[in-house]
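A.B. asks: Please read through the structure below; I'll follow up with questions.
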2 protein chains.
Amino acid sequence: MPKLIDRPTIQQLIQQADINDLLRYIEEAFIAYSSQKAVVPPVGTLTFDDPPGDVHIKYGYIRQDDYYVIKIASGFYENPALGLSSSNGLNLVFNQKTGVLESILLDEGYLTDVRTALAGAVVAKHLVPKKVSAIGIIGTGIQARLQLHYLKEVVDCKEVFVWGRSPKHAQAYKEEMSQHGFTVHMASTTQELARACNLIVTCTPSTTPLLYADQLQENTLITAMGADTLGKQELDVKILQKANLIVMDSSSQCQEHGEIHKAFKNGLLKDKKMIELGDWIMSPERSLSRGLVVVDLTGIATQDVQISKFVLDHL
Amino acid sequence: MPKLIDRPTIQQLIQQADINDLLRYIEEAFIAYSSQKAVVPPVGTLTFDDPPGDVHIKYGYIRQDDYYVIKIASGFYENPALGLSSSNGLNLVFNQKTGVLESILLDEGYLTDVRTALAGAVVAKHLVPKKVSAIGIIGTGIQARLQLHYLKEVVDCKEVFVWGRSPKHAQAYKEEMSQHGFTVHMASTTQELARACNLIVTCTPSTTPLLYADQLQENTLITAMGADTLGKQELDVKILQKANLIVMDSSSQCQEHGEIHKAFKNGLLKDKKMIELGDWIMSPERSLSRGLVVVDLTGIATQDVQISKFVLDHL
């Protein structure tokens with residue numbers, strides 16, 4: 001019988017973990033992916049109309065590793081009205097040599113949230129401007145919280161500006177994150193936020209741009225987490241056109257359904273310098289000054305492999 | 001916490017079930033699929049080189065139903081040398097309205113075997129020649145056993161010819177199936193088998209044709225179960241060209257990677273009468289005389305949905 005690990009166990013394990021240790025696992029996810037050491041088929045998607053929902057199946061393995069992993073994550077957006085979380089899911093860990101199911105991580109979407117937030121911290125570690133004036137967070141949900149939690153370890157800055165569609169949610173965010181050592185300001189517009197911050201993380205399910213090129217400081221890192229399916233977009237296309245560098249977790253996924261996919265398909269990024277995150281981490285260029293950098297994260301299966309391994313290695 | 005159902009429980013439940021009840025569930029799988037009541041994305045596949053293995057992820061749902069299902073089935077072909085079954089897998093049953101994981105069916109591939117064999121019986125129920133002279137089984141594995149087990153319920157014939165590459169396995173098959181009321185003859189060639197049988201089921205992982213057009217009787221039903229991925233083929237292409245009717249579980253899957261895919265892509269089936277199994281079941285034509293009929297089964301997610309529902313409905 002496979003080992004069954006429930007959410008409270010997983011949550012406690014992750015919360016007590018050394019963040020640098022977690023970061024190493026996720027860094028390895030990007031390196032393995034970009035250096036062709038991983039096998040990652042296209043993401044499987046299942047959508048529902050009534051009530052609306054979607055399911056993503058991400059799966060794959062790192063060669064010569066112990067496991068292969070299938071990760072299922074769903075969003076059913078009317079769940080909160082029923083008193084249920086909109087997110088759900090689990091990670092299945094199989095033996096890579098025999099196909100035997102070894103562990104079922106009943107994380108209910110928690111590990112997806114964590115590995116997504118850790119990716120933001122990995123990005124900051126390798127691409128953040130030398131001096132961060134303030135951190136801008138666009139979005140006020142779980143991901144907005146976790147991003148800040150993990151950024152703490154890699155960015156020496158406690159000044160935070162937050163912007164969300166709902167001032168009530170932004171207020172709640174401010175109150176909560178202030179308790180974790182940050183000075184949180186509520187920005188009344190994204191323009192106000194962009195004027196103060198040179199590290200901006202967007203983590204909303206927006207389908208229309210929230211941030212514009214003329215709002216930005218010259219040396220700014222933008223990590224765009226939100227766009228993971230067709231139709232979602234957080235940045236005005238001029239930001240991509242203005243960027244000195246575009247970094248993607250997976251060029252195939254980003255070009256297919258990430259923040260950059262529309263601009264890419266419309267041929268607007270032809271002469272742009274674009275690189276995968278794993279390649280960037282391994283590249284000798286990475287200490288150079290960079291101007292405006294946009295990072296497009298869609299979430300890749302090796303992150304699910306690595307976060308699952310982290311749990312099993314630390315049980 | 002989701003309900004966890006282990007293989008012995010599932011196996012006992014299926015073995016004690018009314019076969020006609022099981023057949024109704026699987027018949028409904030084909031009807032729902034062909035009448036566009038189901039949402040079934042393309043099959044996900046993950047392959048391994050060392051040791052060789054493959055994983056299929058089939059997933060989807062029937063609209064207005066209670067569940068959506070993700071089925072994982074794997075084959076790791078060197079497992080038997082380790083004392084492990086080559087097949088493995090599980091069915092995950094989620095609430096279609098909330099995404100909550102309701103049940104984990106740890107069937108280790110058993111339900112895939114069963115729903116595959118039941119499809120063969122559904123085919124025979126709706127397409128078998130009026131008088132079956134003898135049943136021909138090509139293959140001697142688990143599927144060859146289960147096919148006969150479920151055919152018993154729909155075909156009034158106890159004469160069986162079996163052929164397999166290994167005479168030893170064919171002998172073991174003969175001995176085992178003889179205990180279930182069949183008179184089993186070992187055919188020394190597929191020609192001998194085809195001369196005696198007008199209901200032939202092929203269930204091998206062959207990549208080269210095992211059966212040829214000039215071997216067949218005029219009114220014969222061939223159910224080809226083996227070819228479910230690129231590269232597999234059990235029938236010589238002339239059989240498809242000669243067929244009066246070709247029935248597919250899923251036209252998209254069969255044309256992509258089923259028994260007929262090569263002939264289809266080479267344009268050899270252009271004027272052929274082809275229909276999906278679910279459409280055939282619902283069609284008023286289905287009592288007409290048919291000559292040579294070939295049925296191509298690749299296995300569809302609605303079968304996984306329905307067999308999972310059967311288990312949950314009969315727990």
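Residues are referred to by chain and number: the chain letter is A, B, ... according to the order shown in the structure tokens, the number counts from 1 in that chain, and ligands are numbered separately from 1 in the order shown.
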Excluding Gly141 (chain B) and its own-chain neighbours fewer than 2 positions away, which residues fall within 12 Å of it when counting only C-alpha atoms? Please give them as a VMD selection string.
C.D. replies: chain B and resid 86 to 87 113 117 137 to 139 143 to 148 162 to 166 168 to 174 176 to 177 202 to 205 226
A.B. asks: Taking N, CA and C atoms for each residue, export the selection above as a short mmCIF file (atom, residue, chain, number, x, y, z; two decimals), in the first residue's frame.
C.D. replies:
```cif
data_model
loop_
_atom_site.label_atom_id
_atom_site.label_comp_id
_atom_site.auth_asym_id
_atom_site.auth_seq_id
_atom_site.Cartn_x
_atom_site.Cartn_y
_atom_site.Cartn_z
N SER B 86 3.80 -6.27 -14.17
CA SER B 86 4.20 -5.19 -15.08
C SER B 86 3.15 -4.07 -15.07
N SER B 87 1.89 -4.44 -14.84
CA SER B 87 0.82 -3.43 -14.81
C SER B 87 0.71 -2.78 -13.45
N ASP B 113 -7.90 -3.48 -16.80
CA ASP B 113 -8.07 -4.79 -17.44
C ASP B 113 -9.54 -5.14 -17.60
N ALA B 117 -11.76 -5.57 -21.05
CA ALA B 117 -12.40 -6.84 -21.40
C ALA B 117 -13.90 -6.67 -21.60
N ILE B 137 -9.03 -16.65 -29.79
CA ILE B 137 -8.33 -15.69 -28.92
C ILE B 137 -6.86 -15.68 -29.32
N ILE B 138 -6.38 -14.54 -29.72
CA ILE B 138 -4.95 -14.39 -30.05
C ILE B 138 -4.30 -13.62 -28.91
N GLY B 139 -3.45 -14.32 -28.20
CA GLY B 139 -2.88 -13.77 -26.97
C GLY B 139 -3.19 -14.73 -25.82
N GLN B 143 -5.53 -10.28 -20.31
CA GLN B 143 -6.63 -9.79 -21.13
C GLN B 143 -7.28 -10.93 -21.91
N ALA B 144 -6.49 -11.88 -22.39
CA ALA B 144 -7.03 -13.04 -23.12
C ALA B 144 -7.97 -13.84 -22.21
N ARG B 145 -7.63 -13.92 -20.95
CA ARG B 145 -8.47 -14.63 -19.97
C ARG B 145 -9.78 -13.86 -19.70
N LEU B 146 -9.62 -12.57 -19.45
CA LEU B 146 -10.81 -11.76 -19.09
C LEU B 146 -11.77 -11.63 -20.27
N GLN B 147 -11.24 -11.55 -21.47
CA GLN B 147 -12.11 -11.45 -22.64
C GLN B 147 -13.07 -12.63 -22.67
N LEU B 148 -12.53 -13.81 -22.52
CA LEU B 148 -13.36 -15.02 -22.58
C LEU B 148 -14.36 -15.03 -21.42
N VAL B 162 -7.13 -20.98 -29.21
CA VAL B 162 -6.20 -19.97 -28.70
C VAL B 162 -4.88 -20.08 -29.46
N TRP B 163 -4.27 -18.93 -29.70
CA TRP B 163 -2.92 -18.94 -30.28
C TRP B 163 -2.08 -17.90 -29.54
N GLY B 164 -0.86 -18.29 -29.25
CA GLY B 164 0.09 -17.36 -28.63
C GLY B 164 1.48 -17.70 -29.11
N ARG B 165 2.39 -16.72 -28.98
CA ARG B 165 3.76 -16.97 -29.44
C ARG B 165 4.41 -18.12 -28.67
N SER B 166 4.04 -18.20 -27.36
CA SER B 166 4.64 -19.24 -26.53
C SER B 166 3.66 -20.39 -26.34
N LYS B 168 3.87 -22.77 -24.40
CA LYS B 168 3.75 -23.04 -22.96
C LYS B 168 2.63 -22.17 -22.36
N HIS B 169 2.63 -20.90 -22.71
CA HIS B 169 1.58 -20.00 -22.20
C HIS B 169 0.22 -20.38 -22.77
N ALA B 170 0.20 -20.82 -24.04
CA ALA B 170 -1.07 -21.24 -24.65
C ALA B 170 -1.61 -22.47 -23.91
N GLN B 171 -0.71 -23.36 -23.56
CA GLN B 171 -1.10 -24.58 -22.81
C GLN B 171 -1.69 -24.19 -21.45
N ALA B 172 -1.04 -23.26 -20.77
CA ALA B 172 -1.52 -22.81 -19.45
C ALA B 172 -2.90 -22.15 -19.60
N TYR B 173 -3.04 -21.39 -20.66
CA TYR B 173 -4.33 -20.74 -20.95
C TYR B 173 -5.41 -21.80 -21.16
N LYS B 174 -5.09 -22.79 -21.98
CA LYS B 174 -6.03 -23.86 -22.28
C LYS B 174 -6.48 -24.56 -20.98
N GLU B 176 -6.38 -23.47 -17.89
CA GLU B 176 -7.16 -22.62 -16.99
C GLU B 176 -8.58 -22.38 -17.52
N MET B 177 -8.71 -22.04 -18.78
CA MET B 177 -10.02 -21.68 -19.31
C MET B 177 -10.92 -22.91 -19.49
N THR B 202 -8.12 -10.13 -30.69
CA THR B 202 -6.66 -10.05 -30.62
C THR B 202 -6.28 -9.18 -29.43
N CYS B 203 -5.48 -9.75 -28.54
CA CYS B 203 -5.08 -8.97 -27.35
C CYS B 203 -3.63 -9.26 -27.04
N THR B 204 -2.78 -8.71 -27.89
CA THR B 204 -1.33 -8.84 -27.73
C THR B 204 -0.70 -7.46 -27.88
N PRO B 205 0.56 -7.30 -27.43
CA PRO B 205 1.25 -6.03 -27.65
C PRO B 205 2.05 -6.05 -28.95
N GLY B 226 -5.27 -4.83 -28.95
CA GLY B 226 -3.86 -4.65 -28.59
C GLY B 226 -3.29 -3.27 -28.86
#
```
A.B. asks: Compute the chain B side of the contact with chain A at 7 Å, counting only C-alpha atoms, and hand it back as a PyMOL selection string.
C.D. replies: chain B and resi 41+44+46+51+60+74+76+79+88+97-100
A.B. asks: Take the residues that were just selected and, keeping C-alpha atoms, output them as a PDB file, in the first residue's frame.
C.D. replies:
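Ended up saving to again_20.pdb:
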```pdb
ATOM      1  CA  PRO B  41      -9.086  15.452 -23.433  1.00  0.00           C
ATOM      2  CA  GLY B  44      -1.467  11.876 -21.454  1.00  0.00           C
ATOM      3  CA  LEU B  46       4.883   9.425 -20.113  1.00  0.00           C
ATOM      4  CA  PRO B  51      14.060   0.321 -17.588  1.00  0.00           C
ATOM      5  CA  GLY B  60     -12.562  13.174 -18.263  1.00  0.00           C
ATOM      6  CA  SER B  74       1.395   1.943 -16.292  1.00  0.00           C
ATOM      7  CA  PHE B  76       6.936  -1.561 -16.728  1.00  0.00           C
ATOM      8  CA  ASN B  79       8.925  -5.905 -13.518  1.00  0.00           C
ATOM      9  CA  ASN B  88       0.039  -0.842 -12.219  1.00  0.00           C
ATOM     10  CA  LYS B  97     -19.018  20.169  -8.842  1.00  0.00           C
ATOM     11  CA  THR B  98     -16.289  21.004  -6.303  1.00  0.00           C
ATOM     12  CA  GLY B  99     -13.115  19.202  -7.369  1.00  0.00           C
ATOM     13  CA  VAL B 100     -12.904  17.459  -3.985  1.00  0.00           C
TER      14      VAL B 100
END
```
A.B. asks: Any chance you could dump chain B, least-squares fitted to chain A on all C-alpha atoms in order, as a short mmCIF file (atom, residue, chain, number, x, y, z; two decimals) with C-alpha atoms, in the first residue's frame?
C.D. replies:
```
data_model
loop_
_atom_site.label_atom_id
_atom_site.label_comp_id
_atom_site.auth_asym_id
_atom_site.auth_seq_id
_atom_site.Cartn_x
_atom_site.Cartn_y
_atom_site.Cartn_z
CA MET B 1 -0.02 0.00 0.00
CA PRO B 2 1.27 3.48 -0.77
CA LYS B 3 2.15 5.85 2.02
CA LEU B 4 -0.67 8.35 2.60
CA ILE B 5 0.42 11.78 3.81
CA ASP B 6 -2.26 14.25 4.84
CA ARG B 7 -2.25 18.00 4.53
CA PRO B 8 -1.59 18.88 8.19
CA THR B 9 1.54 16.68 8.15
CA ILE B 10 2.73 18.23 4.91
CA GLN B 11 1.99 21.75 6.06
CA GLN B 12 3.82 21.30 9.34
CA LEU B 13 6.82 19.78 7.59
CA ILE B 14 7.04 22.64 5.09
CA GLN B 15 6.54 25.33 7.72
CA GLN B 16 9.33 23.90 9.86
CA ALA B 17 11.70 23.43 6.93
CA ASP B 18 14.84 25.44 6.28
CA ILE B 19 13.81 27.84 3.50
CA ASN B 20 17.25 27.68 1.89
CA ASP B 21 16.89 23.93 1.72
CA LEU B 22 13.51 24.33 0.01
CA LEU B 23 15.00 26.87 -2.40
CA ARG B 24 17.74 24.43 -3.39
CA TYR B 25 15.17 21.78 -4.32
CA ILE B 26 13.22 24.22 -6.48
CA GLU B 27 16.37 25.66 -8.05
CA GLU B 28 17.26 22.11 -9.04
CA ALA B 29 13.79 21.79 -10.63
CA PHE B 30 14.60 24.61 -13.05
CA ILE B 31 18.15 23.44 -13.74
CA ALA B 32 17.05 19.86 -14.47
CA TYR B 33 14.28 21.13 -16.72
CA SER B 34 16.42 23.50 -18.79
CA SER B 35 19.39 21.13 -19.04
CA GLN B 36 17.18 18.44 -20.65
CA LYS B 37 17.57 16.12 -17.69
CA ALA B 38 13.81 15.99 -17.27
CA VAL B 39 10.95 14.44 -19.21
CA VAL B 40 7.93 16.73 -19.02
CA PRO B 41 4.99 16.12 -21.40
CA PRO B 42 2.50 18.91 -22.13
CA VAL B 43 0.21 19.87 -19.26
CA GLY B 44 -3.14 18.07 -19.21
CA THR B 45 -6.19 20.29 -18.73
CA LEU B 46 -9.81 19.52 -17.96
CA THR B 47 -12.38 22.30 -17.79
CA PHE B 48 -15.87 22.52 -16.36
CA ASP B 49 -18.64 24.99 -17.17
CA ASP B 50 -21.27 24.51 -14.54
CA PRO B 51 -20.02 25.31 -11.99
CA PRO B 52 -16.86 26.70 -13.57
CA GLY B 53 -13.65 24.91 -12.75
CA ASP B 54 -10.40 23.72 -14.19
CA VAL B 55 -7.97 20.94 -13.47
CA HIS B 56 -4.29 20.87 -14.40
CA ILE B 57 -2.34 17.65 -14.56
CA LYS B 58 1.40 18.18 -14.53
CA TYR B 59 3.61 15.14 -14.68
CA GLY B 60 7.08 14.01 -15.46
CA TYR B 61 10.38 12.96 -14.01
CA ILE B 62 14.06 13.81 -13.76
CA ARG B 63 16.17 11.12 -15.39
CA GLN B 64 18.15 8.86 -13.04
CA ASP B 65 15.95 10.03 -10.19
CA ASP B 66 13.98 7.72 -7.86
CA TYR B 67 10.49 8.94 -8.71
CA TYR B 68 8.06 10.04 -11.29
CA VAL B 69 5.30 12.39 -10.17
CA ILE B 70 1.78 13.18 -11.31
CA LYS B 71 0.39 16.35 -9.79
CA ILE B 72 -3.27 17.24 -9.98
CA ALA B 73 -4.36 20.74 -9.04
CA SER B 74 -7.84 22.15 -9.47
CA GLY B 75 -9.66 25.44 -9.07
CA PHE B 76 -13.43 25.50 -8.60
CA TYR B 77 -14.16 29.16 -8.20
CA GLU B 78 -17.61 28.96 -6.64
CA ASN B 79 -16.41 26.70 -3.82
CA PRO B 80 -15.96 29.49 -1.25
CA ALA B 81 -19.73 30.08 -1.31
CA LEU B 82 -20.04 26.46 -0.12
CA GLY B 83 -17.45 26.97 2.59
CA LEU B 84 -14.84 25.03 0.59
CA SER B 85 -11.45 26.12 -0.68
CA SER B 86 -11.41 26.81 -4.41
CA SER B 87 -8.04 25.05 -4.69
CA ASN B 88 -7.62 21.34 -4.42
CA GLY B 89 -5.35 18.59 -5.54
CA LEU B 90 -2.77 15.96 -4.72
CA ASN B 91 0.68 14.74 -5.71
CA LEU B 92 1.19 11.09 -6.62
CA VAL B 93 4.73 9.77 -6.27
CA PHE B 94 5.62 6.60 -8.19
CA ASN B 95 8.78 4.54 -8.35
CA GLN B 96 10.51 5.49 -11.60
CA LYS B 97 11.92 1.98 -12.13
CA THR B 98 8.79 -0.11 -11.47
CA GLY B 99 5.78 2.21 -11.69
CA VAL B 100 4.71 1.23 -8.16
CA LEU B 101 2.75 4.01 -6.43
CA GLU B 102 4.84 4.84 -3.38
CA SER B 103 3.19 7.88 -1.81
CA ILE B 104 0.01 9.89 -2.05
CA LEU B 105 0.51 13.46 -0.88
CA LEU B 106 -2.98 14.70 -0.04
CA ASP B 107 -1.88 18.30 0.04
CA GLU B 108 -5.16 19.75 -1.36
CA GLY B 109 -3.18 22.18 -3.52
CA TYR B 110 -0.90 23.40 -0.73
CA LEU B 111 2.32 22.09 -2.31
CA THR B 112 1.41 23.75 -5.59
CA ASP B 113 1.06 27.05 -3.74
CA VAL B 114 4.40 26.50 -1.99
CA ARG B 115 6.44 25.45 -5.02
CA THR B 116 4.96 28.38 -6.95
CA ALA B 117 5.96 30.85 -4.25
CA LEU B 118 9.42 29.29 -3.96
CA ALA B 119 9.89 29.87 -7.68
CA GLY B 120 9.36 33.58 -7.05
CA ALA B 121 12.09 33.50 -4.41
CA VAL B 122 14.45 31.58 -6.74
CA VAL B 123 13.84 34.25 -9.37
CA ALA B 124 14.59 37.04 -6.91
CA LYS B 125 17.74 35.27 -5.71
CA HIS B 126 19.17 35.24 -9.23
CA LEU B 127 17.69 38.36 -10.83
CA VAL B 128 16.86 40.94 -8.21
CA PRO B 129 18.27 44.49 -8.62
CA LYS B 130 21.26 45.21 -6.37
CA LYS B 131 19.30 47.56 -4.15
CA VAL B 132 15.62 46.86 -3.64
CA SER B 133 13.79 50.09 -2.74
CA ALA B 134 10.57 48.28 -1.91
CA ILE B 135 8.76 45.06 -2.81
CA GLY B 136 5.52 45.47 -4.72
CA ILE B 137 2.89 42.76 -4.48
CA ILE B 138 -0.05 42.85 -6.87
CA GLY B 139 -2.68 40.51 -5.55
CA THR B 140 -3.88 39.80 -2.01
CA GLY B 141 -4.52 36.05 -1.95
CA ILE B 142 -2.66 33.01 -0.66
CA GLN B 143 0.05 33.33 -3.30
CA ALA B 144 0.60 37.02 -2.43
CA ARG B 145 1.20 35.95 1.18
CA LEU B 146 3.52 33.05 0.36
CA GLN B 147 5.58 35.10 -2.09
CA LEU B 148 6.48 37.56 0.63
CA HIS B 149 7.12 34.77 3.11
CA TYR B 150 9.79 33.18 0.92
CA LEU B 151 11.20 36.45 -0.47
CA LYS B 152 12.16 37.34 3.11
CA GLU B 153 14.96 34.83 2.87
CA VAL B 154 16.57 36.18 -0.31
CA VAL B 155 15.78 39.91 -0.43
CA ASP B 156 16.98 42.28 2.25
CA CYS B 157 14.03 44.67 2.22
CA LYS B 158 11.08 45.00 4.57
CA GLU B 159 9.23 47.79 2.75
CA VAL B 160 6.23 46.43 0.93
CA PHE B 161 3.51 47.99 -1.21
CA VAL B 162 0.43 45.94 -1.89
CA TRP B 163 -2.35 46.53 -4.41
CA GLY B 164 -5.50 44.52 -4.94
CA ARG B 165 -8.87 45.10 -6.55
CA SER B 166 -10.54 44.88 -3.15
CA PRO B 167 -9.28 47.43 -0.59
CA LYS B 168 -10.75 45.20 2.13
CA HIS B 169 -8.55 42.27 1.08
CA ALA B 170 -5.54 44.59 0.74
CA GLN B 171 -6.18 45.81 4.29
CA ALA B 172 -6.34 42.21 5.58
CA TYR B 173 -3.12 41.46 3.72
CA LYS B 174 -1.44 44.50 5.24
CA GLU B 175 -2.50 43.52 8.75
CA GLU B 176 -1.36 39.93 8.39
CA MET B 177 1.99 40.56 6.72
CA SER B 178 2.81 43.40 9.12
CA GLN B 179 2.95 40.78 11.84
CA HIS B 180 5.78 39.07 9.95
CA GLY B 181 8.21 41.98 10.17
CA PHE B 182 7.21 43.88 7.02
CA THR B 183 6.17 47.50 6.78
CA VAL B 184 3.21 47.21 4.42
CA HIS B 185 1.71 50.16 2.58
CA MET B 186 -1.56 49.97 0.70
CA ALA B 187 -1.05 51.42 -2.77
CA SER B 188 -4.20 53.04 -4.13
CA THR B 189 -3.06 52.40 -7.71
CA THR B 190 -0.53 50.10 -9.36
CA GLN B 191 1.17 53.30 -10.56
CA GLU B 192 1.82 54.33 -6.97
CA LEU B 193 3.16 50.82 -6.30
CA ALA B 194 5.41 50.82 -9.37
CA ARG B 195 6.87 54.21 -8.50
CA ALA B 196 8.02 52.92 -5.11
CA CYS B 197 9.06 49.35 -5.96
CA ASN B 198 11.73 47.82 -8.17
CA LEU B 199 10.84 44.22 -7.34
CA ILE B 200 7.25 43.58 -8.34
CA VAL B 201 5.44 40.26 -8.10
CA THR B 202 2.09 39.90 -9.83
CA CYS B 203 -0.05 37.05 -8.58
CA THR B 204 -3.62 37.54 -9.74
CA PRO B 205 -5.91 35.63 -12.12
CA SER B 206 -6.37 38.85 -14.14
CA THR B 207 -7.29 38.70 -17.81
CA THR B 208 -6.55 42.40 -18.42
CA PRO B 209 -3.26 44.25 -17.84
CA LEU B 210 -2.74 45.66 -14.37
CA LEU B 211 0.69 47.21 -14.90
CA TYR B 212 1.96 49.52 -17.68
CA ALA B 213 5.42 50.26 -19.05
CA ASP B 214 5.49 53.99 -18.32
CA GLN B 215 4.81 53.33 -14.64
CA LEU B 216 8.05 51.43 -14.07
CA GLN B 217 11.46 52.40 -12.71
CA GLU B 218 14.41 51.71 -14.99
CA ASN B 219 15.90 48.81 -13.05
CA THR B 220 12.97 46.67 -12.12
CA LEU B 221 12.39 42.96 -11.80
CA ILE B 222 8.82 41.88 -12.48
CA THR B 223 7.87 38.33 -11.65
CA ALA B 224 4.58 37.48 -13.33
CA MET B 225 3.02 34.44 -11.67
CA GLY B 226 -0.63 34.81 -12.62
CA ALA B 227 -0.88 33.83 -16.26
CA ASP B 228 -0.85 30.05 -16.44
CA THR B 229 -3.61 29.42 -18.97
CA LEU B 230 -4.85 31.01 -22.18
CA GLY B 231 -6.69 34.26 -21.59
CA LYS B 232 -4.86 35.37 -18.45
CA GLN B 233 -2.63 38.45 -18.62
CA GLU B 234 -1.25 40.78 -15.96
CA LEU B 235 1.21 43.03 -17.83
CA ASP B 236 0.65 45.45 -20.67
CA VAL B 237 2.43 44.17 -23.76
CA LYS B 238 4.62 47.31 -23.87
CA ILE B 239 6.33 46.07 -20.71
CA LEU B 240 7.47 42.97 -22.58
CA GLN B 241 8.58 45.06 -25.56
CA LYS B 242 10.54 47.40 -23.29
CA ALA B 243 12.17 44.61 -21.22
CA ASN B 244 15.93 44.15 -21.50
CA LEU B 245 15.54 40.50 -20.64
CA ILE B 246 12.67 38.01 -20.52
CA VAL B 247 13.14 34.91 -18.40
CA MET B 248 10.73 31.95 -18.63
CA ASP B 249 10.39 28.88 -16.45
CA SER B 250 9.64 26.86 -19.62
CA SER B 251 9.92 28.45 -23.04
CA SER B 252 7.41 26.01 -24.55
CA GLN B 253 4.80 26.55 -21.82
CA CYS B 254 5.27 30.34 -21.68
CA GLN B 255 5.02 30.68 -25.44
CA GLU B 256 1.94 28.48 -25.42
CA HIS B 257 -0.06 29.88 -22.50
CA GLY B 258 2.07 32.14 -20.27
CA GLU B 259 2.17 35.90 -19.74
CA ILE B 260 4.20 36.32 -22.91
CA HIS B 261 2.20 34.02 -25.19
CA LYS B 262 0.11 36.65 -26.96
CA ALA B 263 3.05 38.97 -27.63
CA PHE B 264 5.15 36.01 -28.70
CA LYS B 265 2.54 34.71 -31.14
CA ASN B 266 2.05 38.19 -32.55
CA GLY B 267 5.77 38.33 -33.32
CA LEU B 268 6.40 41.23 -30.94
CA LEU B 269 9.31 39.57 -29.11
CA LYS B 270 11.41 38.62 -32.12
CA ASP B 271 14.59 40.49 -31.22
CA LYS B 272 14.12 40.13 -27.51
CA LYS B 273 16.69 38.47 -25.30
CA MET B 274 14.84 35.47 -23.84
CA ILE B 275 16.20 32.67 -21.69
CA GLU B 276 14.88 29.90 -19.48
CA LEU B 277 15.27 30.32 -15.74
CA GLY B 278 17.33 27.14 -15.39
CA ASP B 279 19.71 28.31 -18.12
CA TRP B 280 19.97 31.71 -16.47
CA ILE B 281 20.86 30.16 -13.12
CA MET B 282 23.64 28.19 -14.83
CA SER B 283 24.79 31.13 -16.97
CA PRO B 284 27.95 33.14 -16.25
CA GLU B 285 26.17 36.32 -17.40
CA ARG B 286 23.86 36.33 -14.49
CA SER B 287 25.69 38.94 -12.38
CA LEU B 288 25.47 41.63 -15.08
CA SER B 289 23.32 44.72 -14.69
CA ARG B 290 19.97 44.15 -16.30
CA GLY B 291 17.59 47.10 -16.53
CA LEU B 292 13.99 45.94 -16.85
CA VAL B 293 13.61 42.19 -16.43
CA VAL B 294 10.34 40.28 -16.79
CA VAL B 295 10.05 36.71 -15.55
CA ASP B 296 7.15 34.60 -16.79
CA LEU B 297 6.29 31.64 -14.55
CA THR B 298 3.71 29.08 -15.63
CA GLY B 299 4.69 26.31 -13.22
CA ILE B 300 6.49 23.19 -14.41
CA ALA B 301 6.22 19.54 -13.44
CA THR B 302 9.80 19.35 -12.16
CA GLN B 303 8.76 21.76 -9.40
CA ASP B 304 6.09 19.24 -8.44
CA VAL B 305 8.65 16.45 -8.58
CA GLN B 306 11.07 18.38 -6.38
CA ILE B 307 8.56 19.60 -3.78
CA SER B 308 7.23 16.04 -3.47
CA LYS B 309 10.78 14.77 -3.01
CA PHE B 310 11.37 17.43 -0.39
CA VAL B 311 8.41 16.14 1.61
CA LEU B 312 9.47 12.51 1.32
CA ASP B 313 13.12 13.33 2.13
CA HIS B 314 12.12 15.21 5.28
CA LEU B 315 9.34 13.02 6.67
#
```
A.B. asks: Per DSSP on the backbone, what are the strand (DSSP E or B) residues of region 21-258 of chain B, as a ChimeraX atom specification?
C.D. replies: /B:38-39,44-49,52-62,67-76,87-95,101-106,135-138,159-163,183-186,199-202,211,221-224,235,245-248
A.B. asks: Looking only at the backbone, which of the residues in region 64-286 of chain A does DSSP tag as helix (DSSP H, G or I), as a PyMOL selection string?
C.D. replies: chain A and resi 79-82+110-127+142-151+167-178+190-196+213-215+237-242+251-257+261-265+277-282+284-286
